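Colleague: Dropping in upload.cif, with mmCIF, C-alpha atoms and all ligand atoms.
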```cif
data_work
loop_
_atom_site.label_atom_id
_atom_site.label_comp_id
_atom_site.auth_asym_id
_atom_site.auth_seq_id
_atom_site.Cartn_x
_atom_site.Cartn_y
_atom_site.Cartn_z
CA MET Q 151 119.67 47.22 85.42
CA SER Q 152 119.42 48.67 81.94
CA THR Q 153 119.97 48.30 78.23
CA ASP Q 154 123.72 48.86 78.78
CA GLU Q 155 124.52 48.42 82.44
CA PRO Q 156 128.08 49.80 82.75
CA ARG Q 157 127.29 52.83 80.58
CA MET Q 158 124.07 53.45 82.53
CA ALA Q 159 125.77 53.01 85.90
CA THR Q 160 128.37 55.65 84.95
CA GLN Q 161 125.77 58.01 83.51
CA TYR Q 162 123.51 57.85 86.57
CA HIS Q 163 126.20 57.35 89.20
CA ASP Q 164 124.91 60.63 90.60
CA ALA Q 165 122.64 63.44 89.38
CA SER Q 166 125.30 65.68 87.78
CA ASN Q 167 124.65 64.61 84.17
CA LEU Q 168 120.89 64.69 84.57
CA ASN Q 169 121.12 68.12 86.21
CA ALA Q 170 123.06 69.53 83.23
CA ARG Q 171 120.21 68.44 80.99
CA ILE Q 172 117.50 69.70 83.31
CA ALA Q 173 119.28 73.10 83.49
CA LEU Q 174 118.75 73.59 79.73
CA HIS Q 175 115.03 72.83 80.06
CA GLU Q 176 114.63 75.07 83.10
CA ARG Q 177 116.25 78.05 81.41
CA PHE Q 178 114.96 77.86 77.86
CA SER Q 179 111.60 76.03 77.78
CA THR Q 180 108.72 78.03 76.32
CA ASN Q 181 105.98 76.41 78.40
CA PRO Q 182 105.86 78.42 81.65
CA ARG Q 183 104.40 75.42 83.50
CA SER Q 184 107.37 73.10 84.01
CA LEU Q 185 107.21 69.39 83.19
CA PRO Q 186 107.38 68.24 86.86
CA LEU Q 187 104.41 70.53 87.67
CA TRP Q 188 102.49 69.20 84.65
CA ILE Q 189 103.22 65.59 85.64
CA PHE Q 190 101.92 66.26 89.13
CA ASP Q 191 98.78 67.93 87.65
CA GLN Q 192 97.93 64.65 85.91
CA LEU Q 193 98.04 62.47 89.04
CA GLU Q 194 94.58 61.48 90.20
CA LEU Q 195 95.20 60.31 93.74
CA PRO Q 196 93.23 60.17 96.96
CA ASP Q 197 94.95 62.28 99.64
CA ASP Q 198 96.11 59.16 101.48
CA ALA Q 199 97.34 57.29 98.38
CA ARG Q 200 100.38 55.01 98.53
CA VAL Q 201 102.65 56.12 95.69
CA LEU Q 202 105.77 54.43 94.32
CA GLU Q 203 108.18 56.22 91.98
CA ILE Q 204 110.60 53.97 90.10
CA GLY Q 205 113.75 55.49 88.57
CA CYS Q 206 113.17 58.59 90.72
CA GLY Q 207 116.60 60.16 90.02
CA PRO Q 208 117.33 62.96 92.52
CA GLY Q 209 113.61 63.33 93.29
CA ASN Q 210 112.83 66.40 91.15
CA LEU Q 211 109.13 65.60 90.83
CA TRP Q 212 108.66 65.86 94.59
CA ALA Q 213 111.10 68.73 95.20
CA ASP Q 214 109.40 70.87 92.53
CA ASN Q 215 105.90 70.07 93.83
CA ALA Q 216 106.80 70.17 97.54
CA GLU Q 217 104.18 72.82 98.37
CA ARG Q 218 101.27 70.86 96.92
CA ILE Q 219 101.84 67.31 98.14
CA PRO Q 220 98.93 66.32 100.40
CA ASP Q 221 100.10 65.44 103.93
CA GLY Q 222 98.53 61.98 103.85
CA LEU Q 223 100.33 60.81 100.70
CA GLN Q 224 102.70 57.91 101.43
CA ILE Q 225 105.54 58.21 98.94
CA THR Q 226 108.23 55.63 98.25
CA LEU Q 227 111.11 56.71 95.99
CA THR Q 228 113.26 54.08 94.31
CA ASP Q 229 116.06 54.04 91.77
CA ALA Q 230 118.53 51.40 90.60
CA SER Q 231 121.37 53.85 91.26
CA PRO Q 232 122.41 54.14 94.93
CA GLY Q 233 123.88 57.59 94.12
CA MET Q 234 120.51 58.86 92.88
CA VAL Q 235 118.69 57.50 95.94
CA ARG Q 236 121.29 59.18 98.17
CA GLU Q 237 120.71 62.53 96.42
CA ALA Q 238 116.93 62.18 96.56
CA LYS Q 239 117.19 61.42 100.27
CA ALA Q 240 119.51 64.39 100.90
CA ARG Q 241 117.08 66.72 99.09
CA LEU Q 242 113.78 65.41 100.38
CA GLY Q 243 114.52 63.31 103.43
CA GLY Q 244 114.10 66.09 105.98
CA SER Q 245 110.92 67.64 104.60
CA ARG Q 246 108.38 64.87 105.20
CA SER Q 247 108.14 61.13 105.60
CA PHE Q 248 109.29 59.89 102.20
CA ARG Q 249 110.63 56.36 102.04
CA PHE Q 250 113.73 55.65 99.95
CA ARG Q 251 115.06 52.40 98.56
CA VAL Q 252 117.55 51.25 95.95
CA ALA Q 253 115.53 49.01 93.62
CA ASP Q 254 115.57 47.79 90.05
CA ALA Q 255 112.23 48.23 88.27
CA GLN Q 256 112.53 44.65 87.05
CA GLU Q 257 112.52 43.27 90.59
CA LEU Q 258 110.57 45.45 92.98
CA PRO Q 259 111.08 44.60 96.66
CA PHE Q 260 107.44 45.20 97.64
CA ALA Q 261 104.46 42.98 98.41
CA ASP Q 262 101.61 42.47 95.92
CA GLY Q 263 99.06 45.30 95.84
CA SER Q 264 101.20 47.67 97.98
CA PHE Q 265 100.55 50.84 95.95
CA ASP Q 266 97.70 52.91 94.49
CA ALA Q 267 99.97 54.49 91.88
CA VAL Q 268 103.35 53.91 90.27
CA ILE Q 269 105.22 56.74 88.53
CA ALA Q 270 107.92 55.94 85.96
CA ALA Q 271 109.30 59.20 84.50
CA HIS Q 272 111.80 59.07 81.66
CA MET Q 273 113.17 55.72 82.74
CA LEU Q 274 111.32 52.86 81.04
CA TYR Q 275 113.39 53.26 77.86
CA HIS Q 276 116.47 52.39 79.91
CA VAL Q 277 115.00 49.13 81.26
CA ALA Q 278 116.31 46.05 79.47
CA ASP Q 279 113.36 43.72 80.17
CA ARG Q 280 110.35 46.01 80.14
CA ASP Q 281 107.84 43.14 80.26
CA LYS Q 282 109.44 42.10 83.52
CA ALA Q 283 109.12 45.67 84.80
CA PHE Q 284 105.47 45.86 83.66
CA SER Q 285 104.66 42.57 85.40
CA GLU Q 286 106.30 43.90 88.56
CA ILE Q 287 104.40 47.21 88.33
CA VAL Q 288 101.09 45.35 87.88
CA ARG Q 289 101.96 43.08 90.80
CA VAL Q 290 102.75 45.88 93.27
CA LEU Q 291 99.73 47.97 92.20
CA ARG Q 292 96.36 47.28 93.81
CA HIS Q 293 93.75 46.25 91.28
CA GLY Q 294 92.64 49.40 89.45
CA GLY Q 295 95.76 51.29 90.66
CA ARG Q 296 97.44 53.46 88.04
CA LEU Q 297 100.75 53.60 86.26
CA TYR Q 298 101.89 57.08 85.12
CA ALA Q 299 104.65 56.51 82.56
CA VAL Q 300 106.36 59.63 81.20
CA THR Q 301 108.46 59.41 78.05
CA ASN Q 302 109.22 61.34 74.85
CA GLY Q 303 108.07 61.16 71.25
CA MET Q 304 110.62 60.18 68.61
CA LYS Q 305 110.91 63.79 67.38
CA HIS Q 306 111.96 65.01 70.81
CA MET Q 307 115.01 67.30 70.38
CA TYR Q 308 115.81 65.87 66.96
CA GLU Q 309 117.63 69.11 66.09
CA LEU Q 310 120.43 68.01 68.42
CA ALA Q 311 121.41 65.00 66.30
CA PRO Q 312 123.45 67.08 63.79
CA MET Q 313 125.13 68.84 66.74
CA LEU Q 314 126.08 65.49 68.22
CA ARG Q 315 127.48 64.53 64.82
CA VAL Q 316 129.99 67.38 65.15
CA LEU Q 317 131.35 65.45 68.15
CA ASP Q 318 130.90 62.08 66.48
CA PRO Q 319 130.35 62.03 62.70
CA GLU Q 320 129.18 58.42 63.07
CA TRP Q 321 126.30 59.14 65.45
CA PRO Q 322 123.66 56.86 63.91
CA HIS Q 323 120.43 58.17 65.49
CA GLU Q 324 117.95 60.83 64.43
CA ASN Q 325 117.87 62.30 67.93
CA ILE Q 326 120.09 62.27 71.00
CA GLY Q 327 118.37 59.51 72.93
CA ALA Q 328 119.91 56.23 71.82
CA ASP Q 329 117.50 54.40 74.19
CA LEU Q 330 114.42 56.37 73.12
CA PRO Q 331 113.37 53.87 70.41
CA ASN Q 332 112.94 51.29 73.21
CA PHE Q 333 109.92 53.02 74.73
CA ASN Q 334 108.44 56.23 73.37
CA LEU Q 335 105.10 57.98 72.83
CA GLU Q 336 104.70 56.22 69.49
CA ASN Q 337 105.32 52.61 70.57
CA GLY Q 338 104.39 52.75 74.27
CA THR Q 339 100.71 51.87 73.79
CA GLU Q 340 101.62 48.66 72.01
CA GLN Q 341 103.98 47.68 74.85
CA LEU Q 342 101.67 48.61 77.72
CA ALA Q 343 98.42 47.29 76.24
CA PRO Q 344 99.04 43.61 77.05
CA TRP Q 345 99.52 44.46 80.73
CA PHE Q 346 97.18 47.30 81.59
CA ASP Q 347 93.57 48.50 81.24
CA GLN Q 348 92.13 51.94 80.39
CA LEU Q 349 95.24 53.11 78.60
CA THR Q 350 95.34 56.79 77.62
CA SER Q 351 98.15 59.06 76.47
CA LEU Q 352 98.69 62.78 77.03
CA ARG Q 353 101.09 65.21 75.40
CA TYR Q 354 102.85 68.14 77.00
CA GLU Q 355 103.24 71.11 74.62
CA ASP Q 356 106.67 72.68 74.82
CA SER Q 357 109.81 73.70 72.92
CA LEU Q 358 113.19 75.23 73.65
CA VAL Q 359 114.33 78.63 72.46
CA VAL Q 360 118.02 78.65 73.31
CA THR Q 361 119.97 81.90 73.30
CA GLU Q 362 123.34 80.75 74.69
CA ALA Q 363 125.74 78.15 73.34
CA LYS Q 364 127.27 76.87 76.58
CA PRO Q 365 124.16 75.30 78.17
CA LEU Q 366 123.55 73.49 74.88
CA VAL Q 367 127.15 72.21 74.74
CA ASP Q 368 126.88 71.14 78.41
CA TYR Q 369 123.68 69.31 77.58
CA LEU Q 370 125.33 67.40 74.75
CA LEU Q 371 128.40 66.60 76.84
CA SER Q 372 126.25 65.22 79.66
CA GLY Q 373 124.85 62.46 77.44
CA MET Q 374 126.04 58.88 77.53
CA HIS Q 375 127.41 58.90 74.04
CA ALA Q 376 129.57 62.00 74.46
CA GLN Q 377 131.00 60.44 77.60
CA VAL Q 378 131.89 57.19 75.87
CA LEU Q 379 133.46 59.24 73.07
CA ALA Q 380 135.50 61.29 75.53
CA GLU Q 381 136.89 58.08 76.99
CA ARG Q 382 137.64 56.55 73.59
CA MET Q 383 139.62 59.37 71.97
CA PRO Q 384 142.65 61.40 73.05
CA GLY Q 385 141.62 64.30 75.31
CA GLU Q 386 143.00 66.97 72.96
CA GLU Q 387 141.10 65.64 69.97
CA PHE Q 388 137.86 65.52 71.94
CA GLN Q 389 138.38 69.08 73.20
CA GLU Q 390 139.03 70.20 69.63
CA ARG Q 391 135.68 68.75 68.56
CA VAL Q 392 133.92 70.42 71.50
CA SER Q 393 135.44 73.79 70.39
CA VAL Q 394 134.24 73.25 66.81
CA LEU Q 395 130.74 72.53 68.14
CA ALA Q 396 130.74 75.58 70.44
CA ASP Q 397 131.96 77.84 67.60
CA SER Q 398 129.30 76.61 65.19
CA LEU Q 399 126.56 77.23 67.79
CA GLU Q 400 127.94 80.71 68.51
CA ARG Q 401 127.85 81.50 64.77
CA GLU Q 402 124.27 80.23 64.52
CA LEU Q 403 123.26 82.41 67.47
CA ALA Q 404 125.08 85.42 66.05
CA SER Q 405 123.16 85.16 62.79
CA HIS Q 406 119.70 84.04 64.06
CA GLY Q 407 119.66 85.17 67.69
CA ARG Q 408 118.27 81.85 68.90
CA ILE Q 409 118.17 78.13 68.28
CA ARG Q 410 114.74 76.54 68.34
CA ILE Q 411 114.46 72.93 69.50
CA THR Q 412 111.40 70.68 69.34
CA LYS Q 413 110.23 69.01 72.52
CA ASP Q 414 107.73 66.18 72.64
CA PRO Q 415 107.26 64.73 76.12
CA GLY Q 416 104.06 63.06 77.24
CA MET Q 417 102.58 60.50 79.54
CA PHE Q 418 100.73 57.20 79.46
CA VAL Q 419 98.15 56.61 82.15
CA ALA Q 420 97.14 52.98 82.59
CA ALA Q 421 95.21 51.00 85.17
CA SER Q 422 96.25 47.70 86.69
CA PRO Q 423 93.71 45.10 85.56
CA ALA Q 424 91.00 44.29 88.10
CA ARG Q 425 91.63 40.58 88.32
CA THR Q 426 94.08 38.21 89.96
CA HIS Q 427 97.27 38.55 88.03
CA ASP Q 428 99.84 36.02 87.10
CA ARG Q 429 103.28 37.70 87.45
CA ARG Q 430 104.26 36.96 83.88
CA SER Q 431 100.98 36.99 81.98
CA PRO Q 432 99.54 40.06 80.31
CA SER Q 433 96.03 41.38 80.91
CA LEU Q 434 93.20 39.61 79.04
CA SER Q 435 90.83 42.60 79.06
CA CYS Q 436 93.53 44.86 77.61
CA GLN Q 437 94.37 42.36 74.96
CA SER Q 438 90.85 42.48 73.62
CA ARG Q 439 90.67 46.28 73.68
CA PHE Q 440 93.99 46.84 71.95
CA GLY Q 441 93.82 43.92 69.56
CA TYR Q 442 96.45 41.78 71.27
CA THR Q 443 94.99 38.34 70.70
CA PRO Q 444 96.48 35.16 72.26
CA GLY Q 445 94.38 35.26 75.46
CA VAL Q 446 91.30 36.34 73.53
CA ARG Q 447 91.85 33.46 71.17
CA SER Q 448 91.71 30.92 74.00
CA ALA Q 449 88.51 32.50 75.42
CA ARG Q 450 87.01 32.42 71.95
CA SER Q 451 87.93 28.73 71.54
CA VAL Q 452 86.02 27.89 74.75
CA LEU Q 453 82.93 29.73 73.45
CA VAL Q 454 83.14 27.96 70.08
CA GLY Q 455 83.45 24.61 71.90
CA VAL Q 456 80.36 25.33 74.02
CA ALA Q 457 78.40 26.37 70.91
CA TRP Q 458 79.38 23.14 69.18
CA LEU Q 459 78.29 21.07 72.19
CA LEU Q 460 74.90 22.82 72.37
CA SER Q 461 74.36 22.32 68.60
CA ALA Q 462 75.19 18.61 68.98
CA ILE Q 463 72.70 18.22 71.88
CA LEU Q 464 69.98 20.05 69.89
CA ALA Q 465 70.68 17.85 66.84
CA VAL Q 466 70.37 14.66 68.94
CA LEU Q 467 67.10 15.93 70.47
CA TRP Q 468 65.75 16.85 67.05
CA LEU Q 469 66.69 13.41 65.64
CA GLY Q 470 64.95 11.80 68.63
CA VAL Q 471 61.76 13.80 67.96
CA VAL Q 472 61.89 12.88 64.24
CA ALA Q 473 62.42 9.17 65.11
CA LEU Q 474 59.47 9.22 67.54
CA ASN Q 475 57.25 10.87 64.88
CA ILE Q 476 58.23 8.17 62.33
CA MET Q 477 57.45 5.38 64.84
CA ASP Q 478 54.03 6.93 65.53
C1 LIG W 501 116.57 60.10 82.89
S1 LIG W 501 116.69 59.66 84.58
C2 LIG W 501 115.07 60.18 85.15
C3 LIG W 501 115.05 60.52 86.59
C4 LIG W 501 113.69 61.04 87.10
N1 LIG W 501 112.65 60.07 86.94
C5 LIG W 501 113.33 62.29 86.37
O1 LIG W 501 112.41 62.28 85.54
O2 LIG W 501 113.97 63.32 86.65
C6 LIG W 501 116.54 57.89 84.54
C7 LIG W 501 116.64 57.26 85.92
O3 LIG W 501 116.25 55.89 85.81
C8 LIG W 501 117.13 55.10 86.60
N2 LIG W 501 117.09 53.72 86.07
C9 LIG W 501 117.56 53.23 84.92
N3 LIG W 501 117.29 51.93 84.80
C10 LIG W 501 116.59 51.58 85.90
C11 LIG W 501 116.00 50.37 86.36
N4 LIG W 501 116.10 49.24 85.65
N5 LIG W 501 115.34 50.37 87.54
C12 LIG W 501 115.26 51.51 88.29
N6 LIG W 501 115.80 52.68 87.91
C13 LIG W 501 116.46 52.72 86.73
C14 LIG W 501 118.48 55.79 86.47
O4 LIG W 501 119.35 55.44 87.52
C15 LIG W 501 118.05 57.25 86.48
O5 LIG W 501 118.02 57.79 87.79
#
```
When written as C-alpha cells, how does the structure in this file appear?

Modeller:
Amino acid sequence: MSTDEPRMATQYHDASNLNARIALHERFSTNPRSLPLWIFDQLELPDDARVLEIGCGPGNLWADNAERIPDGLQITLTDASPGMVREAKARLGGSRSFRFRVADAQELPFADGSFDAVIAAHMLYHVADRDKAFSEIVRVLRHGGRLYAVTNGMKHMYELAPMLRVLDPEWPHENIGADLPNFNLENGTEQLAPWFDQLTSLRYEDSLVVTEAKPLVDYLLSGMHAQVLAERMPGEEFQERVSVLADSLERELASHGRIRITKDPGMFVAASPARTHDRRSPSLSCQSRFGYTPGVRSARSVLVGVAWLLSAILAVLWLGVVALNIMD
C-alpha cells in the first residue's frame, strides 16, 4: 500500500488524524479560498465526465464542493484504507450517486480508458511504487484524459520541524512530512514526465497565522512520527515532552501574538498520452519534451539507419552513372 504499510495503515485507519490536521488549516489559513475549492476550480471537465479520485480520504474535496458538482459527473472515490472509504461513503453516499471502492493506486480495479480524469490529492508521496501507480493511472484514463496530482513543495510547513524536535530531538527532516521527499512540487515533473503529456504545474498561495497553541500541538500529535514515538516511549515521558512543547508555543504566542507558518501546496496537471499504451512503458512524446531519452534514442536510431540506407543507395546509383560515363 505505501512506503511503510503498517505505519500508514494505522495513520489512515480512519479520518481522525487527517481531520486534526485539516482543522488547523481551516482555522488559520490566510487564503480565504480553501484548498479543496481551489482544487475544484482547476478541474477542466465536461459536465458528464467520468472522474476517479485515488486516495480520497474521507471525501473532503466533494463534501466541500457539494453545491457546485454538475449533476452529470460520474464520480468514483477510492482509497487503500477501508476506514477512509467507509467515512467517505457515510458523508457523501446519500447526497448523489457517488461510487466507492477500496483500491490501491498501484492496482486499480478498473478497465482501460474508464475515466476522463483522475485526481490524486496529497497521496502520491505515500505510494511505494509510483511508476506502477502512474502506469495504472495512464491505463484507466482515456487517451487525452487528465491527471490532477496535488502535493506540497519541500518548504511546506518547515517551521514545524523544530517543534517536532521538541518531541523527538532526533527528528531528521527539515519539515514534518517524512514522505514528502518522495513526490513534491520540486521533483514531481521529473517523475510524471515519462508517463504523461502536456505537463503543467500550479501553485496555491497560502500561509498559516496561528494564534492558539492547542491546534498546533494536535496537528503535530496527529502525524505518523509522533504516534510511533508515543508507542515507543513510556507514556509519562511522552506527556512530559508534549507539555514542554505546549509551554514553548504558549510563550511564543505570549511574546509575538502569532506563529506564522509557510504553506506551499500546488498541483500538477498532466494528460494521458494519445497513443496505445503499454502498461509499464512511459510515454514517448513526453520523453522528448522533458528530455527523458531512452525511447527517443531508439526512434533516432531508426532515422539514422534510414538515412544511412538512402545514402548507400544514392552512392551506388552515382557510382553506376560514373561507370556508364567511363564506358561511353
Ligand atoms: C493525506 S491523505 C489525503 C486524503 C485526501 N486525498 C485529501 O486530500 O484530503 C492520504 C490518503 O491516501 C491514502 N493512501 C495511501 N497510500 C495509498 C495507496 N497506495 N493507494 C490508495 N490510497 C492510498 C491514505 O489511506 C489516505 O486516505

Colleague: Quick check, in Å to one decimal: how far apart do atom C11 of ligand LIG 501 (chain W) and atom CA of Ala376 of chain Q lie?

Modeller: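 We find that atom C11 of ligand LIG 501 (chain W) and atom CA of Ala376 of chain Q lie 21.5 Å from each other.
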
Colleague: Show me which residues are within 9 Å of ligand LIG 501 (chain W) counting only C-alpha atoms and all ligand atoms, and format the list as a PDB file with C-alpha atoms, in the frame of the given file.

Modeller:
```pdb
ATOM      1  CA  MET Q 151     119.670  47.220  85.420  1.00  0.00           C
ATOM      2  CA  SER Q 152     119.420  48.670  81.940  1.00  0.00           C
ATOM      3  CA  THR Q 153     119.970  48.300  78.230  1.00  0.00           C
ATOM      4  CA  GLU Q 155     124.520  48.420  82.440  1.00  0.00           C
ATOM      5  CA  MET Q 158     124.070  53.450  82.530  1.00  0.00           C
ATOM      6  CA  ALA Q 159     125.770  53.010  85.900  1.00  0.00           C
ATOM      7  CA  GLN Q 161     125.770  58.010  83.510  1.00  0.00           C
ATOM      8  CA  TYR Q 162     123.510  57.850  86.570  1.00  0.00           C
ATOM      9  CA  HIS Q 163     126.200  57.350  89.200  1.00  0.00           C
ATOM     10  CA  ASP Q 164     124.910  60.630  90.600  1.00  0.00           C
ATOM     11  CA  ALA Q 165     122.640  63.440  89.380  1.00  0.00           C
ATOM     12  CA  LEU Q 168     120.890  64.690  84.570  1.00  0.00           C
ATOM     13  CA  ASN Q 169     121.120  68.120  86.210  1.00  0.00           C
ATOM     14  CA  ILE Q 172     117.500  69.700  83.310  1.00  0.00           C
ATOM     15  CA  PRO Q 186     107.380  68.240  86.860  1.00  0.00           C
ATOM     16  CA  GLU Q 203     108.180  56.220  91.980  1.00  0.00           C
ATOM     17  CA  ILE Q 204     110.600  53.970  90.100  1.00  0.00           C
ATOM     18  CA  GLY Q 205     113.750  55.490  88.570  1.00  0.00           C
ATOM     19  CA  CYS Q 206     113.170  58.590  90.720  1.00  0.00           C
ATOM     20  CA  GLY Q 207     116.600  60.160  90.020  1.00  0.00           C
ATOM     21  CA  PRO Q 208     117.330  62.960  92.520  1.00  0.00           C
ATOM     22  CA  GLY Q 209     113.610  63.330  93.290  1.00  0.00           C
ATOM     23  CA  ASN Q 210     112.830  66.400  91.150  1.00  0.00           C
ATOM     24  CA  LEU Q 211     109.130  65.600  90.830  1.00  0.00           C
ATOM     25  CA  THR Q 228     113.260  54.080  94.310  1.00  0.00           C
ATOM     26  CA  ASP Q 229     116.060  54.040  91.770  1.00  0.00           C
ATOM     27  CA  ALA Q 230     118.530  51.400  90.600  1.00  0.00           C
ATOM     28  CA  SER Q 231     121.370  53.850  91.260  1.00  0.00           C
ATOM     29  CA  PRO Q 232     122.410  54.140  94.930  1.00  0.00           C
ATOM     30  CA  GLY Q 233     123.880  57.590  94.120  1.00  0.00           C
ATOM     31  CA  MET Q 234     120.510  58.860  92.880  1.00  0.00           C
ATOM     32  CA  VAL Q 235     118.690  57.500  95.940  1.00  0.00           C
ATOM     33  CA  VAL Q 252     117.550  51.250  95.950  1.00  0.00           C
ATOM     34  CA  ALA Q 253     115.530  49.010  93.620  1.00  0.00           C
ATOM     35  CA  ASP Q 254     115.570  47.790  90.050  1.00  0.00           C
ATOM     36  CA  ALA Q 255     112.230  48.230  88.270  1.00  0.00           C
ATOM     37  CA  GLN Q 256     112.530  44.650  87.050  1.00  0.00           C
ATOM     38  CA  GLU Q 257     112.520  43.270  90.590  1.00  0.00           C
ATOM     39  CA  LEU Q 258     110.570  45.450  92.980  1.00  0.00           C
ATOM     40  CA  ILE Q 269     105.220  56.740  88.530  1.00  0.00           C
ATOM     41  CA  ALA Q 270     107.920  55.940  85.960  1.00  0.00           C
ATOM     42  CA  ALA Q 271     109.300  59.200  84.500  1.00  0.00           C
ATOM     43  CA  HIS Q 272     111.800  59.070  81.660  1.00  0.00           C
ATOM     44  CA  MET Q 273     113.170  55.720  82.740  1.00  0.00           C
ATOM     45  CA  LEU Q 274     111.320  52.860  81.040  1.00  0.00           C
ATOM     46  CA  TYR Q 275     113.390  53.260  77.860  1.00  0.00           C
ATOM     47  CA  HIS Q 276     116.470  52.390  79.910  1.00  0.00           C
ATOM     48  CA  VAL Q 277     115.000  49.130  81.260  1.00  0.00           C
ATOM     49  CA  ALA Q 278     116.310  46.050  79.470  1.00  0.00           C
ATOM     50  CA  ASP Q 279     113.360  43.720  80.170  1.00  0.00           C
ATOM     51  CA  ARG Q 280     110.350  46.010  80.140  1.00  0.00           C
ATOM     52  CA  ALA Q 283     109.120  45.670  84.800  1.00  0.00           C
ATOM     53  CA  VAL Q 300     106.360  59.630  81.200  1.00  0.00           C
ATOM     54  CA  THR Q 301     108.460  59.410  78.050  1.00  0.00           C
TER      55      THR Q 301
END
```

Colleague: Find the residues near Arg292 of chain Q: any atom within 6 Å, counting only C-alpha atoms, skip ones fewer than 3 places away on the same chain, and give them as a ChimeraX atom specification.

Modeller: /Q:263,265-266,295

Colleague: At a cut-off of 12 Å, using all atoms listed in the file, what residues contact segment 411-414 of chain Q? Leave out same-chain residues fewer than 3 positions from it and give the result as number ranges by chain.

Modeller: Q: 174-175, 178-181, 185, 300-311, 313, 325, 330, 334-336, 352-361, 366, 408, 417

Colleague: Find the residues near Ser398 of chain Q: any atom within 12 Å, counting all atoms listed in the file, skip ones fewer than 2 places away on the same chain, and give them as a ChimeraX atom specification.

Modeller: /Q:312-314,316-317,362-364,366-367,391-396,400-405,409

Colleague: With only C-alpha atoms as the atoms that count, which of Q:Pro259, Q:Pro319, Q:Pro365, Q:Pro220 lies nearest to Asp197 of chain Q?

Modeller: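 Looking only at the distances to Asp197 of chain Q, the closest residue turns out to be Q:Pro220.
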
Colleague: Hey, can you check how far atom CA of Arg171 of chain Q sits from atom CA of Gly373 of chain Q?

Modeller: 8.4 Å

Colleague: From the options Q:Val290, Q:Ala213, Q:Leu399, Q:Ala261, which residue's atoms come nearest to Lys239 of chain Q, counting all atoms listed in the file?

Modeller: Q:Ala213
